[in-house]
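Note: the block below is work29.tsv and it holds TSV, C-alpha atoms.
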chain	number	residue	atom	x	y	z
A	1	MET	CA	-26.18	-4.42	-17.90
A	2	ALA	CA	-24.26	-1.44	-16.50
A	3	ARG	CA	-22.67	-1.80	-13.11
A	4	ALA	CA	-24.47	0.05	-10.31
A	5	PRO	CA	-22.76	3.32	-9.40
A	6	ALA	CA	-20.44	3.31	-6.42
A	7	ASP	CA	-22.45	3.71	-3.20
A	8	PRO	CA	-21.62	7.16	-1.78
A	9	ASP	CA	-22.63	5.99	1.71
A	10	ILE	CA	-19.89	3.36	1.82
A	11	PRO	CA	-16.47	4.93	2.46
A	12	ASP	CA	-13.62	3.95	0.19
A	13	PRO	CA	-10.78	2.28	2.13
A	14	ASN	CA	-8.10	4.10	0.14
A	15	GLN	CA	-9.68	7.53	-0.35
A	16	LEU	CA	-8.36	10.51	1.56
A	17	ASP	CA	-11.14	12.36	3.38
A	18	HIS	CA	-12.26	15.63	1.76
A	19	PHE	CA	-10.27	15.07	-1.45
A	20	PRO	CA	-11.34	13.70	-4.87
A	21	HIS	CA	-11.41	9.95	-5.36
A	22	PRO	CA	-8.68	8.75	-7.77
A	23	ARG	CA	-11.35	7.65	-10.25
A	24	GLU	CA	-12.55	11.29	-10.39
A	25	ASN	CA	-9.09	12.86	-10.41
A	26	ARG	CA	-7.94	13.55	-13.96
A	27	THR	CA	-4.69	15.27	-12.96
A	28	LEU	CA	-1.58	13.15	-12.49
A	29	ILE	CA	1.15	15.13	-10.74
A	30	GLY	CA	4.69	14.38	-11.98
A	31	HIS	CA	5.70	11.02	-13.51
A	32	ARG	CA	6.48	12.36	-16.99
A	33	ALA	CA	8.82	9.45	-17.77
A	34	VAL	CA	6.26	6.90	-16.56
A	35	LEU	CA	3.56	8.39	-18.80
A	36	ASP	CA	5.94	8.28	-21.78
A	37	GLU	CA	6.75	4.62	-21.08
A	38	LEU	CA	3.09	3.63	-20.72
A	39	SER	CA	1.99	5.63	-23.77
A	40	HIS	CA	4.49	3.64	-25.83
A	41	THR	CA	3.48	0.35	-24.19
A	42	LEU	CA	-0.28	0.74	-24.54
A	43	THR	CA	-0.20	1.89	-28.16
A	44	GLY	CA	1.93	-1.06	-29.28
A	45	ASP	CA	0.78	-4.17	-31.06
A	46	ARG	CA	1.14	-6.38	-27.98
A	47	ILE	CA	-0.10	-5.13	-24.63
A	48	HIS	CA	1.02	-7.00	-21.54
A	49	HIS	CA	-1.95	-8.47	-19.69
A	50	ALA	CA	-0.79	-7.32	-16.23
A	51	LEU	CA	0.85	-4.13	-15.00
A	52	VAL	CA	2.21	-3.50	-11.52
A	53	LEU	CA	2.31	0.19	-10.61
A	54	GLY	CA	4.94	0.07	-7.90
A	55	GLY	CA	6.21	2.80	-5.62
A	56	PRO	CA	5.72	4.59	-2.30
A	57	GLU	CA	2.22	5.22	-1.01
A	58	GLY	CA	0.51	8.46	-1.96
A	59	ILE	CA	2.37	9.33	-5.17
A	60	GLY	CA	-0.46	8.83	-7.68
A	61	LYS	CA	-0.47	5.10	-8.44
A	62	ALA	CA	-4.25	4.73	-8.08
A	63	THR	CA	-4.79	7.94	-10.06
A	64	LEU	CA	-2.64	6.50	-12.85
A	65	ALA	CA	-4.48	3.15	-12.68
A	66	TYR	CA	-7.80	4.88	-13.38
A	67	ARG	CA	-6.17	7.03	-16.06
A	68	ILE	CA	-5.02	3.87	-17.86
A	69	ALA	CA	-8.50	2.33	-17.49
A	70	ARG	CA	-10.19	5.44	-18.93
A	71	TRP	CA	-7.87	5.43	-21.92
A	72	MET	CA	-8.21	1.71	-22.62
A	73	LEU	CA	-12.02	1.79	-22.34
A	74	ALA	CA	-12.56	5.03	-24.29
A	75	GLU	CA	-13.52	5.16	-27.95
A	76	PRO	CA	-10.45	5.82	-30.14
A	77	ALA	CA	-11.85	9.23	-31.13
A	78	ASP	CA	-11.99	10.24	-27.45
A	79	ARG	CA	-8.36	9.39	-26.69
A	80	ARG	CA	-5.84	12.18	-26.14
A	81	PRO	CA	-2.05	12.28	-25.71
A	82	ASP	CA	-0.49	11.20	-22.40
A	83	LEU	CA	-3.22	8.58	-21.85
A	84	ASP	CA	-5.84	11.28	-21.34
A	85	VAL	CA	-9.36	11.20	-22.76
A	86	ASP	CA	-12.05	13.71	-23.63
A	87	GLU	CA	-13.59	14.76	-20.32
A	88	HIS	CA	-17.08	14.37	-21.81
A	89	SER	CA	-16.45	10.85	-23.10
A	90	ARG	CA	-18.79	8.09	-22.05
A	91	ALA	CA	-15.97	6.04	-20.51
A	92	ALA	CA	-14.74	8.95	-18.38
A	93	GLY	CA	-18.22	9.62	-17.01
A	94	MET	CA	-18.98	5.99	-16.21
A	95	ILE	CA	-15.63	5.43	-14.50
A	96	ALA	CA	-16.02	8.59	-12.43
A	97	ARG	CA	-19.39	7.28	-11.22
A	98	GLY	CA	-17.97	3.81	-10.57
A	99	SER	CA	-20.45	2.27	-13.03
A	100	HIS	CA	-18.44	1.07	-16.02
A	101	PRO	CA	-19.35	-2.60	-16.61
A	102	ASN	CA	-15.93	-3.45	-18.06
A	103	LEU	CA	-14.00	-2.17	-15.05
A	104	LEU	CA	-13.84	-3.99	-11.72
A	105	VAL	CA	-11.99	-2.60	-8.71
A	106	SER	CA	-10.88	-4.99	-5.99
A	107	GLN	CA	-10.01	-3.59	-2.57
A	108	ARG	CA	-10.71	-4.30	1.08
A	109	PRO	CA	-14.48	-4.98	1.34
A	110	TYR	CA	-16.76	-3.03	3.65
A	111	ASP	CA	-18.34	-4.93	6.55
A	112	ALA	CA	-21.79	-3.36	6.91
A	113	LYS	CA	-22.44	-5.02	10.28
A	114	ARG	CA	-19.25	-3.76	11.88
A	115	LYS	CA	-19.33	-0.52	9.87
A	116	LYS	CA	-15.68	-0.79	8.92
A	117	HIS	CA	-13.53	-2.20	6.15
A	118	MET	CA	-11.92	-5.58	6.43
A	119	THR	CA	-8.19	-5.47	7.11
A	120	VAL	CA	-7.36	-7.63	4.06
A	121	ILE	CA	-8.55	-8.41	0.56
A	122	PRO	CA	-9.88	-11.96	1.08
A	123	VAL	CA	-9.81	-14.77	-1.45
A	124	ASP	CA	-13.53	-14.32	-2.24
A	125	GLU	CA	-12.79	-10.83	-3.53
A	126	ILE	CA	-10.19	-12.17	-5.98
A	127	ARG	CA	-12.57	-14.97	-6.99
A	128	ARG	CA	-14.98	-12.17	-7.91
A	129	VAL	CA	-12.26	-10.77	-10.18
A	130	ASN	CA	-11.72	-14.17	-11.77
A	131	HIS	CA	-15.48	-14.59	-12.34
A	132	PHE	CA	-15.56	-11.11	-13.92
A	133	PHE	CA	-13.05	-12.22	-16.54
A	134	GLU	CA	-14.70	-15.61	-17.09
A	135	SER	CA	-18.12	-14.05	-17.78
A	136	SER	CA	-19.18	-12.49	-21.07
A	137	ALA	CA	-18.25	-8.84	-21.38
A	138	ALA	CA	-21.14	-6.39	-20.95
A	139	MET	CA	-19.58	-4.11	-23.58
A	140	ASP	CA	-17.21	-4.78	-26.46
A	141	GLY	CA	-13.53	-4.13	-25.93
A	142	TRP	CA	-11.19	-4.54	-23.02
A	143	ARG	CA	-12.04	-5.68	-19.52
A	144	ILE	CA	-9.92	-4.26	-16.73
A	145	ALA	CA	-9.44	-5.12	-13.07
A	146	ILE	CA	-7.69	-2.74	-10.68
A	147	ILE	CA	-6.35	-4.30	-7.48
A	148	ASP	CA	-5.68	-1.67	-4.83
A	149	SER	CA	-3.48	-2.66	-3.19
A	150	ALA	CA	-1.46	-5.86	-3.55
A	151	GLU	CA	-0.26	-5.58	0.05
A	152	ASP	CA	-3.85	-5.95	1.26
A	153	MET	CA	-4.28	-9.41	-0.29
A	154	ASN	CA	-3.97	-12.35	2.06
A	155	ARG	CA	-1.99	-15.38	0.92
A	156	GLN	CA	-5.03	-17.24	-0.40
A	157	ALA	CA	-6.11	-14.19	-2.41
A	158	ALA	CA	-2.63	-13.81	-3.90
A	159	ASN	CA	-2.60	-17.47	-4.94
A	160	ALA	CA	-6.06	-17.12	-6.53
A	161	LEU	CA	-4.84	-14.09	-8.49
A	162	LEU	CA	-1.81	-16.02	-9.68
A	163	LYS	CA	-4.01	-18.69	-11.29
A	164	THR	CA	-5.71	-16.12	-13.52
A	165	LEU	CA	-2.43	-14.36	-14.32
A	166	GLU	CA	-1.04	-17.69	-15.54
A	167	GLU	CA	-3.83	-18.09	-18.12
A	168	PRO	CA	-5.20	-14.61	-18.85
A	169	PRO	CA	-8.31	-14.25	-21.02
A	170	GLU	CA	-8.14	-12.27	-24.24
A	171	LYS	CA	-8.47	-8.49	-23.97
A	172	ALA	CA	-8.04	-8.63	-20.20
A	173	LEU	CA	-5.84	-6.19	-18.31
A	174	PHE	CA	-4.86	-6.38	-14.65
A	175	ILE	CA	-3.58	-3.17	-13.04
A	176	ILE	CA	-2.04	-3.97	-9.66
A	177	VAL	CA	-1.23	-1.11	-7.30
A	178	SER	CA	1.68	-2.02	-5.01
A	179	HIS	CA	3.35	0.06	-2.31
A	180	MET	CA	6.12	-2.52	-1.85
A	181	PRO	CA	6.47	-4.37	-5.18
A	182	GLY	CA	9.63	-6.12	-4.07
A	183	ARG	CA	7.54	-8.12	-1.62
A	184	LEU	CA	5.04	-9.44	-4.15
A	185	LEU	CA	5.08	-13.19	-4.69
A	186	PRO	CA	7.91	-13.83	-7.17
A	187	THR	CA	5.49	-15.87	-9.29
A	188	ILE	CA	3.18	-12.84	-9.54
A	189	ARG	CA	6.05	-10.45	-10.30
A	190	SER	CA	7.31	-12.69	-13.09
A	191	ARG	CA	3.93	-12.57	-14.85
A	192	CYS	CA	3.54	-8.78	-14.73
A	193	ARG	CA	5.20	-5.80	-16.32
A	194	MET	CA	6.67	-3.66	-13.56
A	195	ILE	CA	6.14	0.10	-13.85
A	196	VAL	CA	8.32	1.80	-11.25
A	197	MET	CA	6.95	5.11	-9.95
A	198	PRO	CA	9.42	7.12	-7.85
A	199	ALA	CA	8.61	9.42	-4.96
A	200	LEU	CA	7.66	12.93	-6.08
A	201	ASP	CA	10.13	15.79	-5.87
A	202	ASP	CA	9.34	18.87	-3.77
A	203	ALA	CA	8.16	20.88	-6.77
A	204	ALA	CA	5.61	18.21	-7.73
A	205	VAL	CA	4.40	17.82	-4.14
A	206	GLY	CA	4.00	21.59	-3.90
A	207	GLU	CA	2.04	21.67	-7.16
A	208	GLY	CA	-0.28	18.96	-5.87
A	209	VAL	CA	-0.83	20.72	-2.55
A	210	ASP	CA	-1.68	23.96	-4.38
A	211	ARG	CA	-4.17	22.16	-6.64
A	212	LEU	CA	-5.90	20.06	-4.00
A	213	ALA	CA	-5.53	21.72	-0.61
A	214	GLY	CA	-6.52	25.22	-1.65
A	215	PRO	CA	-4.97	28.41	-0.27
A	216	LEU	CA	-2.54	27.79	2.61
A	217	ASP	CA	-0.28	30.08	4.55
A	218	ALA	CA	3.35	29.84	3.41
A	219	GLU	CA	4.54	28.18	6.63
A	220	THR	CA	1.96	25.37	6.50
A	221	ARG	CA	2.65	24.74	2.81
A	222	ALA	CA	6.42	24.63	3.31
A	223	MET	CA	6.04	22.28	6.29
A	224	ALA	CA	3.76	19.92	4.36
A	225	VAL	CA	6.18	19.70	1.44
A	226	ALA	CA	9.25	19.30	3.65
A	227	LEU	CA	7.76	16.48	5.74
A	228	SER	CA	5.98	14.68	2.90
A	229	GLY	CA	8.82	12.35	1.97
A	230	GLY	CA	7.79	12.72	-1.67
A	231	SER	CA	4.20	11.59	-0.98
A	232	LEU	CA	1.42	13.96	-2.02
A	233	ARG	CA	-0.98	11.98	0.15
A	234	MET	CA	1.21	12.63	3.19
A	235	ALA	CA	1.50	16.32	2.34
A	236	LEU	CA	-2.29	16.64	2.13
A	237	GLN	CA	-2.69	14.83	5.44
A	238	LEU	CA	-0.24	17.25	7.01
A	239	THR	CA	-2.54	20.12	6.02
A	240	SER	CA	-5.60	18.39	7.52
A	241	PRO	CA	-7.06	18.88	11.02
A	242	ALA	CA	-5.05	15.82	12.11
A	243	GLY	CA	-1.85	17.48	10.92
A	244	ARG	CA	-0.59	18.19	14.44
A	245	GLU	CA	-0.60	14.52	15.43
A	246	ILE	CA	0.97	13.54	12.11
A	247	ARG	CA	3.79	16.03	12.58
A	248	ALA	CA	4.36	14.71	16.09
A	249	VAL	CA	4.64	11.13	14.80
A	250	ARG	CA	7.07	12.19	12.06
A	251	THR	CA	9.17	14.11	14.59
A	252	ALA	CA	9.27	11.07	16.88
A	253	LEU	CA	10.40	8.87	13.99
A	254	ASP	CA	13.15	11.26	12.96
A	255	ARG	CA	14.51	11.29	16.52
A	256	LEU	CA	14.97	7.53	16.70
A	257	PRO	CA	16.69	5.77	18.39
A	258	ARG	CA	16.17	8.55	20.95
A	259	ARG	CA	12.65	8.67	22.39
A	260	ASP	CA	10.67	11.36	24.17
A	261	GLY	CA	8.60	9.17	26.46
A	262	GLY	CA	6.26	11.95	27.52
A	263	GLU	CA	5.45	12.96	23.95
A	264	LEU	CA	4.88	9.36	22.85
A	265	HIS	CA	2.58	8.65	25.79
A	266	ALA	CA	0.61	11.82	25.04
A	267	LEU	CA	0.17	10.70	21.44
A	268	ALA	CA	-0.82	7.20	22.55
A	269	ASP	CA	-3.41	8.68	24.92
A	270	SER	CA	-4.92	10.72	22.07
A	271	PHE	CA	-5.33	7.57	19.94
A	272	ALA	CA	-7.08	5.76	22.82
A	273	ARG	CA	-9.85	8.36	23.07
A	274	ALA	CA	-13.21	8.15	21.29
A	275	GLY	CA	-12.72	8.93	17.61
A	276	GLY	CA	-9.08	7.88	17.73
A	277	GLU	CA	-9.46	5.04	15.22
A	278	LYS	CA	-8.57	7.04	12.11
A	279	PRO	CA	-5.68	8.99	13.68
A	280	PHE	CA	-4.26	5.72	15.02
A	281	ALA	CA	-4.52	4.01	11.63
A	282	LEU	CA	-2.89	7.04	10.03
A	283	ALA	CA	-0.07	7.03	12.60
A	284	LEU	CA	0.82	3.40	11.89
A	285	SER	CA	0.54	4.06	8.16
A	286	ILE	CA	3.13	6.81	8.62
A	287	VAL	CA	5.35	4.35	10.51
A	288	ARG	CA	5.10	1.81	7.67
A	289	ASP	CA	5.89	4.48	5.07
A	290	TRP	CA	8.89	5.59	7.13
A	291	LEU	CA	10.18	2.01	7.35
A	292	SER	CA	9.73	1.58	3.59
A	293	ALA	CA	11.71	4.77	2.97
A	294	GLN	CA	14.46	3.54	5.30
A	295	MET	CA	14.69	0.29	3.32
A	296	ARG	CA	14.90	2.14	-0.01
A	297	ARG	CA	17.60	4.41	1.39
A	298	ARG	CA	19.67	1.51	2.70
A	299	ALA	CA	19.22	-0.86	-0.26
A	300	PRO	CA	22.24	0.45	-2.25
A	301	ALA	CA	24.54	-0.49	0.67
A	302	GLY	CA	23.82	-4.13	-0.12
A	303	ASP	CA	23.34	-5.43	3.44
A	304	PRO	CA	20.68	-8.17	3.16
A	305	ALA	CA	20.67	-8.88	6.90
A	306	ALA	CA	19.95	-5.23	7.76
A	307	LEU	CA	17.19	-5.00	5.15
A	308	ALA	CA	15.68	-8.22	6.49
A	309	ARG	CA	15.51	-6.68	9.98
A	310	PHE	CA	13.68	-3.63	8.63
A	311	ALA	CA	11.30	-5.86	6.65
A	312	GLU	CA	10.60	-7.94	9.75
A	313	VAL	CA	9.66	-4.85	11.76
A	314	TRP	CA	7.51	-3.60	8.87
A	315	ASP	CA	5.62	-6.91	8.99
A	316	LYS	CA	5.17	-6.66	12.75
A	317	VAL	CA	3.87	-3.08	12.58
A	318	ASP	CA	1.54	-4.02	9.71
A	319	ALA	CA	0.17	-6.98	11.70
A	320	LEU	CA	-0.18	-4.75	14.75
A	321	ALA	CA	-2.25	-2.24	12.77
A	322	ARG	CA	-4.49	-4.90	11.24
A	323	ASP	CA	-5.00	-6.86	14.47
A	324	THR	CA	-5.77	-3.72	16.46
A	325	GLU	CA	-8.47	-2.76	13.97
A	326	SER	CA	-9.99	-6.20	13.40
A	327	LEU	CA	-9.84	-7.40	17.03
A	328	ASN	CA	-10.53	-4.02	18.63
A	329	LEU	CA	-7.30	-4.12	20.65
A	330	ASP	CA	-5.91	-1.33	22.83
A	331	ARG	CA	-4.73	1.40	20.43
A	332	ARG	CA	-2.63	3.09	23.08
A	333	GLN	CA	-0.66	-0.06	23.82
A	334	ALA	CA	-0.29	-0.94	20.14
A	335	PHE	CA	1.21	2.46	19.33
A	336	LEU	CA	3.72	2.21	22.18
A	337	VAL	CA	4.67	-1.35	21.19
A	338	ALA	CA	5.35	-0.13	17.65
A	339	PHE	CA	7.80	2.46	18.94
A	340	VAL	CA	9.57	-0.08	21.15
A	341	LEU	CA	10.12	-2.19	18.02
A	342	LEU	CA	11.38	0.87	16.15
A	343	GLU	CA	13.73	1.94	18.93
A	344	ASP	CA	15.29	-1.54	19.10
A	345	LEU	CA	15.62	-1.63	15.32
A	346	MET	CA	17.35	1.73	15.06
A	347	GLN	CA	19.66	0.92	17.97
A	348	SER	CA	20.84	-2.18	16.11
A	349	ALA	CA	21.20	-0.23	12.84
A	350	ARG	CA	23.60	2.37	14.24
How does this structure look as structure tokens?
Amino acid sequence: MARAPADPDIPDPNQLDHFPHPRENRTLIGHRAVLDELSHTLTGDRIHHALVLGGPEGIGKATLAYRIARWMLAEPADRRPDLDVDEHSRAAGMIARGSHPNLLVSQRPYDAKRKKHMTVIPVDEIRRVNHFFESSAAMDGWRIAIIDSAEDMNRQAANALLKTLEEPPEKALFIIVSHMPGRLLPTIRSRCRMIVMPALDDAAVGEGVDRLAGPLDAETRAMAVALSGGSLRMALQLTSPAGREIRAVRTALDRLPRRDGGELHALADSFARAGGEKPFALALSIVRDWLSAQMRRRAPAGDPAALARFAEVWDKVDALARDTESLNLDRRQAFLVAFVLLEDLMQSAR
């Protein structure tokens, strides 16, 4: 039996408002070398049962995950170079509708009572993945599970995933999206093939903005590309109605360890108002991305103690974001606490 189409009334936890869902997006911006590597890998005699698509947030990892799934589930006659498929193929249509029975996507579940997504992927969600692979396939061929993202799994979920990775069924493929692959459980990393996806260059970000954001004035476009940090997702957010707050957060981060108390308090006040949930979540997402970029930049220096301090603050900011959402804590206070942590961190890193 075919899987029911994705419910349009339930928001996707990883979809950017007003832009195509990755399962509908057939255009992968950049990543030529990654496509070449995967094309060679997936056309070989032995296909690894688990891939980790690792790299910064917002660079096309989920888009690539669905591209791989389309190609693997398509009829051979419908396959095209670069892991593309005929746009009219049955597999492409079913995946775009979220109804392909041989594809399961695991992400943070939606809580209908609270009308919000859970802050983690719980163990029951991964058990659903395991049951999917243990059951008889609805259609011949491969069965694929996309996990988006690994960082959302709690410890119990990660351990449940590990059990299936240790003894994978035949013709099963796991595609794990990870924004910080270095922090995956070593036992999970060792059982997966790592596909490293770098941040996009300015030309690729600009191409993506032109394709997805529509006509923009030159100043807005240049600003979005310059402040994106190689993330198309960030660039698109910078062109959105919330762009002013996003730019203010980025400016505050770039000033650290100096702080403009008045500006930070004004931002915190805006997050505390009605409707401030999404801007607040976005602000702390920007903070986490910034910390991740700082760690990548400092990694070649080979200072484990310094990297550990950055990782510790990343964990604290991540917990702050999740707890504020799940426990309905004071968003204003949480934002200010995050910047106190950041100021102390950058003071010690000077």
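Counting all atoms listed in the file and comparing A:Leu53, A:Val340, A:Met223, A:Ala74, the residue that lies closest to Gly182 of chain A is A:Leu53.
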**Study point:** Distance criterion (all atoms listed in the file): nearest to Leu238 of chain A out of A:Gly214, A:Met94, A:Ile29, A:Val209
**Key:**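 Among the listed residues, the smallest separation from Leu238 of chain A belongs to A:Val209.
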Counting all atoms listed in the file, what is within 10 Å of Asn14 of chain A, bar same-chain residues fewer than 6 positions away, as an mmCIF file with C-alpha atoms, in the frame of the given file?
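Result file part-v6.cif:
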data_model
loop_
_atom_site.group_PDB
_atom_site.id
_atom_site.type_symbol
_atom_site.label_atom_id
_atom_site.label_comp_id
_atom_site.auth_asym_id
_atom_site.auth_seq_id
_atom_site.Cartn_x
_atom_site.Cartn_y
_atom_site.Cartn_z
ATOM 1 C CA HIS A 21 -11.410 9.950 -5.360
ATOM 2 C CA PRO A 22 -8.680 8.750 -7.770
ATOM 3 C CA GLY A 58 0.510 8.460 -1.960
ATOM 4 C CA ALA A 62 -4.250 4.730 -8.080
ATOM 5 C CA GLN A 107 -10.010 -3.590 -2.570
ATOM 6 C CA ARG A 108 -10.710 -4.300 1.080
ATOM 7 C CA ASP A 148 -5.680 -1.670 -4.830
ATOM 8 C CA SER A 149 -3.480 -2.660 -3.190
#
Check your understanding: For Arg250 of chain A, which residue out of A:Leu104, A:Met139, A:Met197, A:Ala283 is the nearest one, using only C-alpha atoms?
Key ->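 Checking each candidate against Arg250 of chain A, we get A:Ala283 as the closest.
Counting all atoms listed in the file and comparing A:Ile144, A:Leu35, A:Leu216, A:Ile59, the residue that lies closest to Pro198 of chain A is A:Ile59.
You will find atom CA of Met180 of chain A at 11.0 Å from atom CA of Asp152 of chain A.
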Determine, counting all atoms listed in the file, which protein, DNA and RNA residues have an atom within 12 Å of an atom of Leu342 of chain A; residues of the same chain fewer than 6 positions away are not included. Present the result as a compact mmCIF listing (two decimals) with C-alpha atoms, in the coordinates of the input.
# COMPACT_ATOMS: atom_id res chain seq x y z
CA ALA A 252 9.27 11.07 16.88
CA LEU A 253 10.40 8.87 13.99
CA ASP A 254 13.15 11.26 12.96
CA ARG A 255 14.51 11.29 16.52
CA LEU A 256 14.97 7.53 16.70
CA PRO A 257 16.69 5.77 18.39
CA ARG A 258 16.17 8.55 20.95
CA ARG A 259 12.65 8.67 22.39
CA LEU A 284 0.82 3.40 11.89
CA VAL A 287 5.35 4.35 10.51
CA ARG A 288 5.10 1.81 7.67
CA TRP A 290 8.89 5.59 7.13
CA LEU A 291 10.18 2.01 7.35
CA GLN A 294 14.46 3.54 5.30
CA ARG A 309 15.51 -6.68 9.98
CA PHE A 310 13.68 -3.63 8.63
CA ALA A 311 11.30 -5.86 6.65
CA GLU A 312 10.60 -7.94 9.75
CA VAL A 313 9.66 -4.85 11.76
CA TRP A 314 7.51 -3.60 8.87
CA LYS A 316 5.17 -6.66 12.75
CA VAL A 317 3.87 -3.08 12.58
CA PHE A 335 1.21 2.46 19.33
CA LEU A 336 3.72 2.21 22.18
CA SER A 348 20.84 -2.18 16.11
CA ALA A 349 21.20 -0.23 12.84
Point to revise | Which of A:Arg90, A:Arg247, A:Arg70, A:Lys163 sits closest to Arg191 of chain A [using all atoms listed in the file] | key: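 Of A:Arg90, A:Arg247, A:Arg70, A:Lys163, the one nearest Arg191 of chain A is A:Lys163, counting all atoms listed in the file.
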Since the input has fewer atoms than a full residue there, write segment 173-184 of chain A out with N, CA and C atoms, as a PDB file, in the frame of the given file.
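The result, stored in result_7.pdb:
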ATOM      1  N   LEU A 173      -6.969  -6.933 -18.854  1.00  0.00           N
ATOM      2  CA  LEU A 173      -5.840  -6.190 -18.310  1.00  0.00           C
ATOM      3  C   LEU A 173      -5.976  -6.087 -16.799  1.00  0.00           C
ATOM      4  N   PHE A 174      -4.952  -6.547 -16.098  1.00  0.00           N
ATOM      5  CA  PHE A 174      -4.860  -6.380 -14.650  1.00  0.00           C
ATOM      6  C   PHE A 174      -3.965  -5.168 -14.377  1.00  0.00           C
ATOM      7  N   ILE A 175      -4.418  -4.285 -13.498  1.00  0.00           N
ATOM      8  CA  ILE A 175      -3.580  -3.170 -13.040  1.00  0.00           C
ATOM      9  C   ILE A 175      -3.463  -3.324 -11.526  1.00  0.00           C
ATOM     10  N   ILE A 176      -2.271  -3.655 -11.074  1.00  0.00           N
ATOM     11  CA  ILE A 176      -2.040  -3.970  -9.660  1.00  0.00           C
ATOM     12  C   ILE A 176      -1.270  -2.824  -9.024  1.00  0.00           C
ATOM     13  N   VAL A 177      -1.882  -2.179  -8.059  1.00  0.00           N
ATOM     14  CA  VAL A 177      -1.230  -1.110  -7.300  1.00  0.00           C
ATOM     15  C   VAL A 177      -0.441  -1.756  -6.160  1.00  0.00           C
ATOM     16  N   SER A 178       0.841  -1.412  -6.059  1.00  0.00           N
ATOM     17  CA  SER A 178       1.680  -2.020  -5.010  1.00  0.00           C
ATOM     18  C   SER A 178       2.577  -0.971  -4.380  1.00  0.00           C
ATOM     19  N   HIS A 179       2.499  -0.874  -3.048  1.00  0.00           N
ATOM     20  CA  HIS A 179       3.350   0.060  -2.310  1.00  0.00           C
ATOM     21  C   HIS A 179       4.725  -0.521  -2.025  1.00  0.00           C
ATOM     22  N   MET A 180       4.843  -1.839  -2.075  1.00  0.00           N
ATOM     23  CA  MET A 180       6.120  -2.520  -1.850  1.00  0.00           C
ATOM     24  C   MET A 180       6.252  -3.661  -2.865  1.00  0.00           C
ATOM     25  N   PRO A 181       6.478  -3.335  -4.133  1.00  0.00           N
ATOM     26  CA  PRO A 181       6.470  -4.370  -5.180  1.00  0.00           C
ATOM     27  C   PRO A 181       7.525  -5.445  -4.992  1.00  0.00           C
ATOM     28  N   GLY A 182       8.602  -5.121  -4.303  1.00  0.00           N
ATOM     29  CA  GLY A 182       9.630  -6.120  -4.070  1.00  0.00           C
ATOM     30  C   GLY A 182       9.172  -7.265  -3.201  1.00  0.00           C
ATOM     31  N   ARG A 183       8.035  -7.082  -2.519  1.00  0.00           N
ATOM     32  CA  ARG A 183       7.540  -8.120  -1.620  1.00  0.00           C
ATOM     33  C   ARG A 183       6.356  -8.890  -2.214  1.00  0.00           C
ATOM     34  N   LEU A 184       6.044  -8.620  -3.468  1.00  0.00           N
ATOM     35  CA  LEU A 184       5.040  -9.440  -4.150  1.00  0.00           C
ATOM     36  C   LEU A 184       5.568 -10.863  -4.307  1.00  0.00           C
TER      37      LEU A 184
END
